[in-house]
file model_33.txt (compact mmCIF, C-alpha atoms)
# COMPACT_ATOMS: atom_id res chain seq x y z
CA MET A 1 87.54 84.72 193.46
CA SER A 2 85.01 87.48 192.82
CA GLU A 3 82.98 87.79 189.63
CA PRO A 4 85.17 89.35 186.91
CA LEU A 5 84.39 92.87 185.70
CA LEU A 6 84.80 91.75 182.17
CA HIS A 7 85.20 88.33 180.64
CA GLU A 8 85.86 88.25 176.96
CA HIS A 9 87.27 85.71 174.58
CA ILE A 10 89.18 87.32 171.72
CA THR A 11 90.53 85.73 168.59
CA ALA A 12 92.20 87.49 165.70
CA THR A 13 94.67 86.73 162.98
CA LEU A 14 97.14 89.48 162.28
CA ASP A 15 100.01 89.50 159.80
CA SER A 16 102.44 87.58 161.92
CA ILE A 17 100.53 86.24 164.91
CA THR A 18 97.29 84.59 165.91
CA ILE A 19 95.63 86.01 168.97
CA ASP A 20 93.56 83.68 171.09
CA VAL A 21 93.00 84.94 174.62
CA THR A 22 90.37 85.11 177.29
CA VAL A 23 90.63 88.37 179.18
CA ALA A 24 89.14 88.30 182.67
CA LEU A 25 89.43 91.54 184.61
CA ARG A 26 89.12 91.43 188.40
CA SER A 27 91.18 94.27 189.76
CA PRO A 28 90.40 98.00 189.46
CA TRP A 29 93.43 98.53 187.26
CA THR A 30 94.76 95.86 184.95
CA VAL A 31 97.81 96.26 182.77
CA LEU A 32 98.25 94.39 179.52
CA PHE A 33 101.97 93.93 179.28
CA GLY A 34 103.99 92.64 176.38
CA PRO A 35 106.49 93.55 173.66
CA SER A 36 105.25 95.45 170.64
CA GLY A 37 103.54 93.18 168.17
CA SER A 38 102.20 90.85 170.85
CA GLY A 39 98.60 91.82 170.09
CA LYS A 40 97.92 94.31 172.90
CA SER A 41 96.23 97.00 170.80
CA THR A 42 94.13 94.45 168.94
CA ILE A 43 92.83 93.11 172.24
CA LEU A 44 91.88 96.62 173.37
CA ARG A 45 90.12 97.33 170.08
CA SER A 46 88.18 94.09 170.39
CA ILE A 47 87.03 94.92 173.90
CA ALA A 48 86.03 98.42 172.75
CA GLY A 49 83.84 96.89 170.05
CA LEU A 50 85.84 98.13 167.07
CA ARG A 51 86.40 94.68 165.63
CA GLY A 52 82.88 93.35 165.42
CA GLY A 53 80.39 91.97 167.89
CA ALA A 54 78.18 94.39 169.80
CA PRO A 55 78.70 97.89 168.35
CA ALA A 56 81.13 100.16 170.19
CA TRP A 57 78.58 102.84 171.06
CA LYS A 58 76.46 100.37 173.00
CA ARG A 59 79.32 99.05 175.11
CA HIS A 60 80.21 102.14 177.15
CA ILE A 61 83.90 101.32 177.04
CA PRO A 62 85.83 104.43 175.89
CA LEU A 63 89.23 103.84 174.31
CA ALA A 64 92.06 106.36 174.31
CA SER A 65 94.13 105.10 171.40
CA GLN A 66 97.88 105.38 171.25
CA GLN A 67 97.68 108.16 168.71
CA ALA A 68 95.40 110.83 170.17
CA ALA A 69 92.42 110.91 167.80
CA LEU A 70 91.07 114.33 168.79
CA PHE A 71 88.26 115.83 166.72
CA PRO A 72 90.07 118.50 164.69
CA HIS A 73 87.02 120.74 164.32
CA MET A 74 86.38 121.04 168.05
CA THR A 75 88.30 122.82 170.77
CA VAL A 76 89.80 120.85 173.63
CA LYS A 77 86.70 121.73 175.65
CA GLY A 78 84.47 120.50 172.82
CA ASN A 79 86.43 117.27 172.65
CA LEU A 80 86.04 116.70 176.39
CA GLU A 81 82.32 117.42 176.23
CA PHE A 82 81.76 115.06 173.30
CA GLY A 83 80.96 111.97 175.30
CA ARG A 84 78.43 113.75 177.44
CA GLU A 85 75.35 111.62 178.03
CA LEU A 86 71.89 113.07 177.86
CA PRO A 87 70.71 113.71 181.37
CA THR A 88 68.49 110.89 182.49
CA GLY A 89 67.05 111.95 185.80
CA ASP A 90 67.56 115.11 187.83
CA PHE A 91 68.81 117.56 185.22
CA LYS A 92 70.42 120.01 187.62
CA ARG A 93 72.18 117.31 189.60
CA GLU A 94 73.48 115.74 186.38
CA GLN A 95 74.82 119.13 185.28
CA GLU A 96 76.64 119.55 188.56
CA LEU A 97 78.16 116.09 188.48
CA HIS A 98 79.26 116.63 184.91
CA ALA A 99 80.83 120.02 185.67
CA GLU A 100 82.59 118.55 188.68
CA ARG A 101 84.03 115.68 186.65
CA PHE A 102 85.13 118.10 183.93
CA GLN A 103 86.94 120.33 186.45
CA ASP A 104 88.52 117.31 188.13
CA LEU A 105 89.95 115.95 184.92
CA VAL A 106 91.11 119.35 183.66
CA ARG A 107 93.00 119.80 186.92
CA LEU A 108 94.34 116.27 186.96
CA PHE A 109 95.70 116.45 183.43
CA ARG A 110 96.76 120.10 183.71
CA ILE A 111 94.98 121.22 180.61
CA SER A 112 93.15 124.29 181.95
CA ASP A 113 95.20 126.59 179.69
CA LEU A 114 94.40 124.52 176.61
CA LEU A 115 90.60 124.41 176.75
CA GLU A 116 89.98 126.94 173.98
CA ARG A 117 92.68 125.59 171.67
CA TYR A 118 92.12 123.38 168.65
CA PRO A 119 93.96 120.04 168.38
CA ALA A 120 96.24 121.42 165.66
CA GLN A 121 97.54 123.91 168.23
CA LEU A 122 98.58 121.24 170.73
CA SER A 123 101.89 119.43 171.15
CA GLY A 124 101.89 115.64 170.96
CA GLY A 125 102.08 115.26 174.73
CA GLN A 126 99.27 117.75 175.30
CA ALA A 127 97.04 116.00 172.75
CA GLN A 128 97.70 112.69 174.48
CA ARG A 129 96.64 114.08 177.84
CA VAL A 130 93.46 115.54 176.36
CA SER A 131 92.71 112.21 174.68
CA VAL A 132 92.98 110.30 177.97
CA ALA A 133 90.92 112.93 179.80
CA ARG A 134 88.24 112.67 177.10
CA ALA A 135 88.03 108.90 177.54
CA LEU A 136 87.42 109.41 181.27
CA MET A 137 84.62 111.94 180.81
CA PRO A 138 81.57 109.68 180.23
CA ARG A 139 80.07 108.98 183.64
CA TYR A 140 78.47 105.65 182.88
CA SER A 141 81.48 103.79 181.48
CA ARG A 142 81.87 100.15 182.43
CA LEU A 143 85.58 100.25 181.83
CA VAL A 144 88.16 102.58 180.29
CA LEU A 145 90.83 101.40 177.87
CA LEU A 146 94.11 103.28 177.66
CA ASP A 147 96.57 102.31 174.92
CA GLU A 148 100.04 103.39 176.07
CA PRO A 149 98.50 106.49 177.57
CA PHE A 150 101.55 108.53 178.39
CA THR A 151 104.26 107.28 176.06
CA GLY A 152 106.47 110.15 175.05
CA LEU A 153 105.85 112.22 178.15
CA GLU A 154 108.84 112.87 180.35
CA GLN A 155 109.16 110.28 183.08
CA ALA A 156 108.50 112.52 186.10
CA LEU A 157 105.30 113.92 184.64
CA ARG A 158 104.19 110.50 183.47
CA ASP A 159 104.67 108.95 186.92
CA GLU A 160 102.83 111.81 188.59
CA LEU A 161 99.91 111.58 186.15
CA LEU A 162 99.69 107.81 186.47
CA LEU A 163 99.53 107.91 190.25
CA ALA A 164 96.96 110.71 190.26
CA LEU A 165 94.94 108.83 187.68
CA LYS A 166 95.10 105.62 189.67
CA GLN A 167 93.79 107.46 192.71
CA TRP A 168 91.01 109.21 190.74
CA THR A 169 89.75 106.11 188.96
CA ARG A 170 89.70 104.25 192.27
CA GLU A 171 87.66 107.02 193.89
CA HIS A 172 85.22 106.98 190.98
CA ARG A 173 85.09 103.18 190.86
CA LEU A 174 86.09 103.23 187.23
CA PRO A 175 87.98 100.09 186.17
CA VAL A 176 90.91 100.60 183.80
CA LEU A 177 92.66 98.32 181.37
CA SER A 178 95.84 99.90 180.08
CA VAL A 179 98.50 98.73 177.69
CA THR A 180 102.20 99.18 178.19
CA HIS A 181 105.52 97.66 177.32
CA ASP A 182 107.18 99.59 180.14
CA VAL A 183 107.99 97.56 183.25
CA THR A 184 108.30 100.55 185.56
CA GLU A 185 104.83 101.73 184.59
CA ALA A 186 103.27 98.39 185.49
CA LEU A 187 105.17 98.19 188.77
CA LEU A 188 104.35 101.77 189.68
CA LEU A 189 100.62 101.14 189.30
CA GLU A 190 100.77 98.01 191.47
CA ALA A 191 98.20 96.70 189.09
CA GLU A 192 97.15 93.25 188.10
CA VAL A 193 99.26 92.34 185.09
CA ILE A 194 98.31 90.22 182.12
CA LYS A 195 101.51 89.23 180.40
CA LEU A 196 101.22 88.64 176.71
CA ARG A 197 103.55 86.96 174.26
CA GLU A 198 102.81 86.37 170.61
CA GLY A 199 99.07 86.55 171.00
CA ARG A 200 98.88 84.32 174.09
CA ILE A 201 98.53 85.09 177.79
CA VAL A 202 101.59 83.66 179.52
CA ALA A 203 100.89 84.92 183.04
CA GLN A 204 98.34 86.89 185.01
CA GLY A 205 98.63 88.21 188.57
CA PRO A 206 100.03 91.03 190.72
CA ALA A 207 102.71 93.08 188.98
CA GLN A 208 105.39 92.20 191.55
CA GLU A 209 104.94 88.49 190.85
CA VAL A 210 104.26 88.41 187.14
CA LEU A 211 107.00 90.89 186.32
CA ALA A 212 109.54 89.57 188.86
CA GLU A 213 111.95 88.56 186.13
CA GLU A 214 111.67 91.87 184.29
CA ARG A 215 112.07 93.71 187.57
CA LEU A 216 115.32 91.89 188.33
CA GLN A 217 116.64 92.63 184.88
CA LEU A 218 115.74 96.26 185.33
CA LEU A 219 117.52 96.43 188.68
CA ARG A 220 120.62 94.79 187.24
CA SER A 221 120.67 97.21 184.39
CA LEU A 222 120.68 100.09 186.87
CA ASP A 223 123.74 100.82 188.98
CA GLY A 224 124.49 97.46 190.65
CA SER A 225 126.35 98.85 193.64
CA ARG A 226 123.26 100.45 195.14
CA THR A 227 120.07 98.80 196.27
CA PHE A 228 116.73 99.84 194.89
CA THR A 229 113.27 99.13 195.95
CA LEU A 230 110.85 99.41 193.14
CA MET B 231 69.20 137.06 126.22
CA ASP B 232 66.45 134.50 126.73
CA LEU B 233 65.43 135.30 130.31
CA ASP B 234 62.94 132.44 130.42
CA ALA B 235 65.71 130.01 129.56
CA LEU B 236 68.00 131.60 132.16
CA TRP B 237 65.39 131.27 134.89
CA LEU B 238 64.49 127.73 133.87
CA THR B 239 68.14 126.66 133.82
CA PHE B 240 68.70 128.20 137.24
CA ARG B 241 65.61 126.51 138.67
CA LEU B 242 66.61 123.14 137.21
CA ALA B 243 70.17 123.40 138.54
CA LEU B 244 69.08 124.48 142.00
CA THR B 245 66.47 121.73 142.35
CA THR B 246 68.85 119.11 141.02
CA THR B 247 71.59 120.21 143.42
CA ALA B 248 69.29 120.25 146.45
CA ILE B 249 67.90 116.79 145.74
CA LEU B 250 71.27 115.29 144.83
CA LEU B 251 72.94 116.54 148.02
CA CYS B 252 70.16 114.97 150.11
CA VAL B 253 70.31 111.68 148.22
CA GLY B 254 74.09 111.84 147.77
CA LEU B 255 74.98 112.03 151.47
CA PRO B 256 73.54 108.67 152.54
CA LEU B 257 74.63 107.07 149.27
CA ALA B 258 78.18 108.38 149.69
CA ALA B 259 78.25 107.20 153.32
CA TRP B 260 77.19 103.75 152.18
CA LEU B 261 79.87 103.72 149.49
CA ALA B 262 82.59 105.08 151.78
CA TYR B 263 81.86 103.07 154.92
CA GLY B 264 79.65 100.16 153.87
CA GLN B 265 80.78 96.56 153.79
CA SER B 266 78.34 95.28 151.17
CA ARG B 267 79.54 93.19 148.26
CA LEU B 268 77.33 95.23 145.98
CA ARG B 269 79.52 98.31 146.40
CA PRO B 270 81.55 97.91 143.18
CA LEU B 271 78.33 97.52 141.23
CA VAL B 272 76.77 100.63 142.72
CA GLN B 273 80.03 102.55 142.30
CA ALA B 274 80.08 101.67 138.62
CA LEU B 275 76.43 102.65 138.19
CA VAL B 276 76.96 105.98 139.93
CA ALA B 277 80.01 106.76 137.77
CA LEU B 278 78.36 105.65 134.53
CA PRO B 279 77.07 109.10 133.49
CA LEU B 280 80.70 110.33 133.49
CA VAL B 281 81.55 108.21 130.44
CA LEU B 282 78.17 107.57 128.88
CA PRO B 283 77.19 109.84 125.97
CA PRO B 284 74.40 112.03 127.40
CA THR B 285 72.29 111.17 124.40
CA VAL B 286 72.33 107.50 125.41
CA LEU B 287 71.03 108.34 128.86
CA GLY B 288 68.47 110.70 127.31
CA PHE B 289 67.36 108.05 124.83
CA TYR B 290 66.76 105.36 127.43
CA LEU B 291 64.95 107.77 129.71
CA LEU B 292 62.82 108.90 126.81
CA VAL B 293 61.88 105.32 126.06
CA LEU B 294 61.35 104.44 129.72
CA LEU B 295 59.22 107.47 130.48
CA GLY B 296 57.34 107.31 127.18
CA PRO B 297 54.03 105.63 126.39
CA THR B 298 55.57 102.36 125.14
CA THR B 299 56.61 101.04 128.56
CA ALA B 300 54.54 100.07 131.59
CA VAL B 301 56.44 102.57 133.76
CA GLY B 302 55.74 105.34 131.27
CA ARG B 303 52.05 104.45 131.03
CA VAL B 304 51.66 104.39 134.85
CA ILE B 305 53.31 107.82 135.09
CA THR B 306 51.21 109.23 132.28
CA THR B 307 47.98 107.95 133.86
CA THR B 308 48.96 109.20 137.30
CA LEU B 309 50.13 112.66 136.23
CA GLY B 310 47.77 113.10 133.33
CA HIS B 311 50.66 113.84 130.98
CA PRO B 312 53.89 112.05 130.00
CA LEU B 313 57.09 112.94 131.85
CA ALA B 314 59.09 113.30 128.69
CA PHE B 315 59.09 116.87 127.37
CA SER B 316 58.21 118.30 130.80
CA PHE B 317 60.23 120.04 133.51
CA THR B 318 59.88 117.01 135.83
CA GLY B 319 61.19 114.73 133.13
CA LEU B 320 64.11 117.09 132.64
CA LEU B 321 64.73 117.05 136.38
CA ILE B 322 64.87 113.24 136.45
CA GLY B 323 67.35 113.27 133.60
CA SER B 324 69.50 115.90 135.36
CA LEU B 325 69.47 113.95 138.61
CA LEU B 326 70.89 110.86 136.92
CA TYR B 327 73.25 112.80 134.70
CA SER B 328 74.78 114.82 137.58
CA LEU B 329 74.74 112.05 140.20
CA PRO B 330 78.49 111.28 140.04
CA PHE B 331 79.33 114.97 140.44
CA ALA B 332 77.49 115.02 143.75
CA VAL B 333 78.48 111.61 145.07
CA GLN B 334 82.15 111.34 144.18
CA PRO B 335 83.42 114.43 146.07
CA LEU B 336 81.40 113.32 149.09
CA VAL B 337 82.86 109.80 148.97
CA SER B 338 86.42 111.16 148.73
CA GLY B 339 85.74 113.58 151.58
CA MET B 340 84.40 110.80 153.79
CA MET B 341 87.24 108.43 152.98
CA ALA B 342 89.77 111.14 153.86
CA ILE B 343 88.54 111.29 157.45
CA ALA B 344 90.86 109.24 159.67
CA PRO B 345 88.86 106.16 160.80
CA GLU B 346 90.21 106.68 164.32
CA LEU B 347 88.04 109.79 164.68
CA ARG B 348 84.80 107.96 164.02
CA GLU B 349 85.99 105.08 166.20
CA ALA B 350 86.80 107.42 169.07
CA ALA B 351 83.34 108.97 168.77
CA ALA B 352 81.72 105.53 168.84
CA THR B 353 83.63 104.36 171.92
CA LEU B 354 82.53 107.59 173.62
CA GLY B 355 78.96 106.38 173.18
CA ALA B 356 77.90 108.22 170.01
CA ARG B 357 75.47 106.22 167.89
CA PRO B 358 76.16 106.15 164.12
CA SER B 359 73.72 108.99 163.35
CA VAL B 360 75.40 111.19 165.98
CA VAL B 361 78.84 110.35 164.63
CA PHE B 362 77.62 111.35 161.17
CA VAL B 363 76.19 114.68 162.26
CA ARG B 364 78.89 115.71 164.75
CA VAL B 365 82.06 114.26 163.22
CA THR B 366 81.59 113.31 159.57
CA MET B 367 79.46 116.24 158.39
CA PRO B 368 81.62 119.06 159.82
CA LEU B 369 84.76 117.41 158.45
CA ILE B 370 83.40 117.02 154.91
CA ARG B 371 82.16 120.61 154.65
CA PRO B 372 84.65 121.46 151.89
CA SER B 373 83.60 118.35 149.94
CA LEU B 374 79.97 119.26 150.42
CA LEU B 375 80.66 122.67 148.89
CA THR B 376 82.59 121.11 146.01
CA ALA B 377 79.79 118.61 145.37
CA GLY B 378 77.22 121.41 145.40
CA ILE B 379 79.12 123.65 143.00
CA LEU B 380 80.02 120.85 140.60
CA THR B 381 76.48 119.50 140.50
CA PHE B 382 75.03 122.95 139.94
CA THR B 383 77.52 123.88 137.24
CA HIS B 384 77.25 120.56 135.50
CA THR B 385 73.47 120.77 135.39
CA ILE B 386 73.65 124.28 133.96
CA GLY B 387 75.84 122.97 131.16
CA GLU B 388 73.95 119.82 130.19
CA PHE B 389 72.79 119.55 126.62
CA GLY B 390 72.40 116.03 125.27
CA VAL B 391 70.05 114.72 127.93
CA VAL B 392 67.95 117.87 127.76
CA LEU B 393 67.66 117.75 124.01
CA MET B 394 66.68 114.08 123.94
CA LEU B 395 64.34 114.16 126.88
CA GLY B 396 63.03 117.70 127.09
CA GLY B 397 63.14 118.98 123.58
CA ASN B 398 62.97 122.72 123.23
CA ILE B 399 59.80 124.04 124.81
CA PRO B 400 60.20 127.67 125.93
CA GLY B 401 59.44 128.04 129.65
CA ALA B 402 59.19 124.28 130.18
CA THR B 403 62.31 122.57 128.91
CA ARG B 404 64.34 125.13 127.03
CA THR B 405 67.57 125.64 128.98
CA LEU B 406 70.41 128.07 128.27
CA SER B 407 72.52 125.56 126.37
CA ILE B 408 69.53 124.72 124.15
CA ALA B 409 68.83 128.42 123.65
CA LEU B 410 72.44 128.86 122.55
CA TYR B 411 72.09 126.05 120.05
CA ASP B 412 68.92 127.68 118.69
CA GLU B 413 70.51 131.09 118.44
CA VAL B 414 73.37 129.70 116.39
CA ALA B 415 70.97 127.75 114.18
CA ASP B 416 69.18 131.04 113.55
CA PHE B 417 72.50 132.77 112.71
CA ASN B 418 71.85 135.14 115.61
CA PHE B 419 75.50 135.29 116.63
CA ALA B 420 75.22 138.37 118.84
CA ALA B 421 72.67 136.64 121.08
CA ALA B 422 74.62 133.38 120.93
CA ASN B 423 77.73 135.23 122.02
CA ARG B 424 75.97 136.72 125.06
CA THR B 425 74.59 133.32 126.13
CA ALA B 426 77.91 131.55 125.56
CA LEU B 427 79.82 134.21 127.44
CA LEU B 428 77.45 133.96 130.39
CA LEU B 429 77.85 130.16 130.53
CA LEU B 430 81.60 130.42 130.22
CA ALA B 431 81.95 133.06 132.93
CA PHE B 432 79.66 131.17 135.25
CA SER B 433 81.49 127.85 134.83
CA PHE B 434 84.87 129.49 135.31
CA VAL B 435 83.91 131.36 138.46
CA SER B 436 82.36 128.21 139.92
CA LEU B 437 85.50 126.16 139.37
CA LEU B 438 87.59 129.00 140.73
CA LEU B 439 85.52 128.81 143.90
CA VAL B 440 86.09 125.06 144.19
CA HIS B 441 89.84 125.34 143.81
CA TRP B 442 90.08 128.35 146.06
CA ARG B 443 88.54 126.37 148.87
CA ALA B 444 90.38 123.12 148.23
CA GLY B 445 93.02 122.29 150.80
CA GLN B 446 92.07 125.08 153.19
CA ARG B 447 91.05 122.61 155.85
CA SER B 448 92.49 119.25 156.67
CA THR B 449 91.09 116.33 158.56
CA ARG B 450 94.43 114.85 159.50
CA LEU B 451 95.08 113.55 162.97
CA VAL B 452 97.10 115.63 165.36
call {"tool": "encode", "arguments": {"input": "model_33.txt", "output": "structure tokens"}}
result
Amino acid sequence: MSEPLLHEHITATLDSITIDVTVALRSPWTVLFGPSGSGKSTILRSIAGLRGGAPAWKRHIPLASQQAALFPHMTVKGNLEFGRELPTGDFKREQELHAERFQDLVRLFRISDLLERYPAQLSGGQAQRVSVARALMPRYSRLVLLDEPFTGLEQALRDELLLALKQWTREHRLPVLSVTHDVTEALLLEAEVIKLREGRIVAQGPAQEVLAEERLQLLRSLDGSRTFTL
Amino acid sequence: MDLDALWLTFRLALTTTAILLCVGLPLAAWLAYGQSRLRPLVQALVALPLVLPPTVLGFYLLVLLGPTTAVGRVITTTLGHPLAFSFTGLLIGSLLYSLPFAVQPLVSGMMAIAPELREAAATLGARPSVVFVRVTMPLIRPSLLTAGILTFTHTIGEFGVVLMLGGNIPGATRTLSIALYDEVADFNFAAANRTALLLLAFSFVSLLLVHWRAGQRSTRLV
């Protein structure tokens, strides 16, 4: 198997559970799957550098947290521009690449009408989209962490955004580790899934295999007389 | 009206406020975000002037800066004159006396910022100094204003420390509150009334400003 993108051993003691996992990422998009309280967010925070070890700002691993933490004193545009690196080489070329990325993400997340607004003027779903877009802005990220990125959005929009995002991150060779407790989301992304239960990894592999049981349950819960392919 | 005293008081308050805001910001950041075990100790020390009789602070400073201690002797030799009964001595006293009024609003302002905001900034690659300038500072602007006004007003109104440490030298250490005391001692009630009224009006307007601004901005998450 190829060299993992990230290999990190994480231990933590929370109120009810002890987390002890080794996360090894190999695929472009990995999903951390598990019920709430299984330690998913803690793992993301550890990888981002928010729980000790090398400081977060040196890691180049942006995290879009579950609750969109947008800077209230900046417009949406200001928020997106926050993570802008100082140009290192060819200034003009850097500017162009940055502008291109900005336009791409604004289009992808459909936030062109919101750029001049302040976070207080956004709905929850809009703020969430801006938060994810902001995490994708830095060009030199090693990995992007998305904590339940589109929870609360209506399903059709969520699916559309996820697929567009999958395509975009693949094109830009940007690995993603996202967190979800939604089976359909993991299956839709055809991602590698790390299944978590009570702070332990119980399975890791392609979504279709790891989530086979959940997928069957989901199909049964839908109308049994018809056949579905998920 | 003792214009010399008015000017001196104003100069003292302005210098004290400027220095305390510069010193107070890093100190407040350390108190609000630091992990050190020494924090309770420093917190108590910073808050001490709130409860300590100003004369106690003035007394110890007088002794410390006077010719009986090594510190005092070094200062006297270096400057050519003792710090006690000089404007600089008065300034040192004011800095200590007004420290909590500068630091405490800043600490509360910093603690009110949702930690997620500073975390988000850090994961986006901002080093701690950048986070401080671009996230913390803009969000504590109201607290910065409060700290400035309170420090300034409090310095204007100090009496005990000034009397112990500065005495009553016109043009050098005689502040408005000392002038008021003098005017009353001289039974010059008309002059005392003007000075008192000025101090009262100034203090009231300053506090009005603080409360007017309070709560106009919030740093809550969306």
call {"tool": "residues_around", "arguments": {"input": "model_33.txt", "residues": "stretch 361-373 of chain B", "least_positions_apart": "2", "cutoff": "6 Å", "atoms": "all atoms listed in the file", "output": "list in words"}}
result
Pro335, Leu336, Gly339, Ala356, Pro358, Ser359, Leu375, Thr376 and Ala377 of chain B
call {"tool": "write_last_selection", "arguments": {"input": "model_33.txt", "atoms": "C-alpha atoms", "output": "PDB file, in the frame of the given file"}}
result
ATOM      1  CA  PRO B 335      83.420 114.430 146.070  1.00  0.00           C
ATOM      2  CA  LEU B 336      81.400 113.320 149.090  1.00  0.00           C
ATOM      3  CA  GLY B 339      85.740 113.580 151.580  1.00  0.00           C
ATOM      4  CA  ALA B 356      77.900 108.220 170.010  1.00  0.00           C
ATOM      5  CA  PRO B 358      76.160 106.150 164.120  1.00  0.00           C
ATOM      6  CA  SER B 359      73.720 108.990 163.350  1.00  0.00           C
ATOM      7  CA  LEU B 375      80.660 122.670 148.890  1.00  0.00           C
ATOM      8  CA  THR B 376      82.590 121.110 146.010  1.00  0.00           C
ATOM      9  CA  ALA B 377      79.790 118.610 145.370  1.00  0.00           C
TER      10      ALA B 377
END
call {"tool": "interface_residues", "arguments": {"input": "model_33.txt", "of": "chain A", "to": "chain B", "cutoff": "10 Å", "atoms": "all atoms listed in the file", "output": "JSON, numbers by chain"}}
result
{"A": [45, 48, 49, 50, 55, 56, 57, 58, 59, 60, 61, 62, 63, 64, 65, 67, 68, 69, 70, 71, 72, 73, 74, 79, 82, 83, 84, 85, 118, 119, 120, 121, 122, 123, 124, 127, 128, 131, 134, 135, 136, 137, 138, 140, 141, 144, 145]}
call {"tool": "closest_atom_pairs", "arguments": {"input": "model_33.txt", "of": "stretch 366-405 of chain B", "to": "stretch 427-438 of chain B", "cutoff": "10 Å", "atoms": "all atoms listed in the file", "output": "tab-separated table"}}
result
residue	atom	partner	partner_atom	distance
B:Thr376	CA	B:Leu437	CA	8.8
B:Ile379	CA	B:Ser436	CA	6.4
B:Leu380	CA	B:Leu437	CA	7.7
B:Phe382	CA	B:Ser436	CA	9.0
B:Thr383	CA	B:Ser433	CA	6.1
B:His384	CA	B:Ser433	CA	8.5
B:Ile386	CA	B:Leu429	CA	8.0
B:Gly387	CA	B:Leu429	CA	7.5
call {"tool": "write_last_selection", "arguments": {"input": "model_33.txt", "atoms": "C-alpha atoms", "output": "PDB file, in the frame of the given file"}}
result
ATOM      1  CA  THR B 376      82.590 121.110 146.010  1.00  0.00           C
ATOM      2  CA  ILE B 379      79.120 123.650 143.000  1.00  0.00           C
ATOM      3  CA  LEU B 380      80.020 120.850 140.600  1.00  0.00           C
ATOM      4  CA  PHE B 382      75.030 122.950 139.940  1.00  0.00           C
ATOM      5  CA  THR B 383      77.520 123.880 137.240  1.00  0.00           C
ATOM      6  CA  HIS B 384      77.250 120.560 135.500  1.00  0.00           C
ATOM      7  CA  ILE B 386      73.650 124.280 133.960  1.00  0.00           C
ATOM      8  CA  GLY B 387      75.840 122.970 131.160  1.00  0.00           C
TER       9      GLY B 387
END
call {"tool": "residues_around", "arguments": {"input": "model_33.txt", "residues": "stretch 245-247 of chain B", "least_positions_apart": "3", "cutoff": "7 Å", "atoms": "all atoms listed in the file", "output": "ChimeraX atom specification"}}
result
/B:241-242,250-251,321,324-325,378,381-382
call {"tool": "closest_residue", "arguments": {"input": "model_33.txt", "among": "B:Leu295, B:Ile399, B:His441, B:Gln273", "to": "B:Leu309", "atoms": "all atoms listed in the file"}}
result
B:Leu295
call {"tool": "closest_residue", "arguments": {"input": "model_33.txt", "among": "A:Glu148, A:Glu100, A:Glu116, A:Glu209", "to": "A:Glu190", "atoms": "all atoms listed in the file"}}
result
A:Glu209
call {"tool": "atom_distance", "arguments": {"input": "model_33.txt", "atom1": "atom CA of B:Ala243", "atom2": "atom CA of B:Gly397"}}
result
17.1 Å
call {"tool": "residues_around", "arguments": {"input": "model_33.txt", "residues": "B:Pro284", "least_positions_apart": "3", "cutoff": "9 Å", "atoms": "all atoms listed in the file", "output": "list in words"}}
result
Pro279, Leu280, Val281, Leu287, Gly288, Phe289, Tyr327, Glu388, Phe389, Gly390, Val391, Val392 and Met394 of chain B
call {"tool": "residues_around", "arguments": {"input": "model_33.txt", "residues": "A:Gln155", "least_positions_apart": "6", "cutoff": "12 Å", "atoms": "all atoms listed in the file", "output": "list in words"}}
result
Leu161, Leu162, Asp182, Thr184, Glu185 and Leu188 of chain A
call {"tool": "write_last_selection", "arguments": {"input": "model_33.txt", "atoms": "C-alpha atoms", "output": "PDB file, in the frame of the given file"}}
result
ATOM      1  CA  LEU A 161      99.910 111.580 186.150  1.00  0.00           C
ATOM      2  CA  LEU A 162      99.690 107.810 186.470  1.00  0.00           C
ATOM      3  CA  ASP A 182     107.180  99.590 180.140  1.00  0.00           C
ATOM      4  CA  THR A 184     108.300 100.550 185.560  1.00  0.00           C
ATOM      5  CA  GLU A 185     104.830 101.730 184.590  1.00  0.00           C
ATOM      6  CA  LEU A 188     104.350 101.770 189.680  1.00  0.00           C
TER       7      LEU A 188
END
call {"tool": "closest_residue", "arguments": {"input": "model_33.txt", "among": "A:Gln103, A:Phe33, A:Glu213, A:Leu114", "to": "A:Lys195", "atoms": "only C-alpha atoms"}}
result
A:Phe33
call {"tool": "atom_distance", "arguments": {"input": "model_33.txt", "atom1": "atom CA of A:Ile10", "atom2": "atom CA of A:Val23"}}
result
7.7 Å
call {"tool": "atom_distance", "arguments": {"input": "model_33.txt", "atom1": "atom CA of A:Arg107", "atom2": "atom CA of A:Leu44"}}
result
26.9 Å
call {"tool": "axis_aligned_box", "arguments": {"input": "model_33.txt", "around": "stretch 50-57 of chain A", "padding_each_side": "4 Å", "output": "lines of an AutoDock Vina configuration file"}}
result
center_x = 82.3
center_y = 97.4
center_z = 168.2
size_x = 16.2
size_y = 18.9
size_z = 13.6
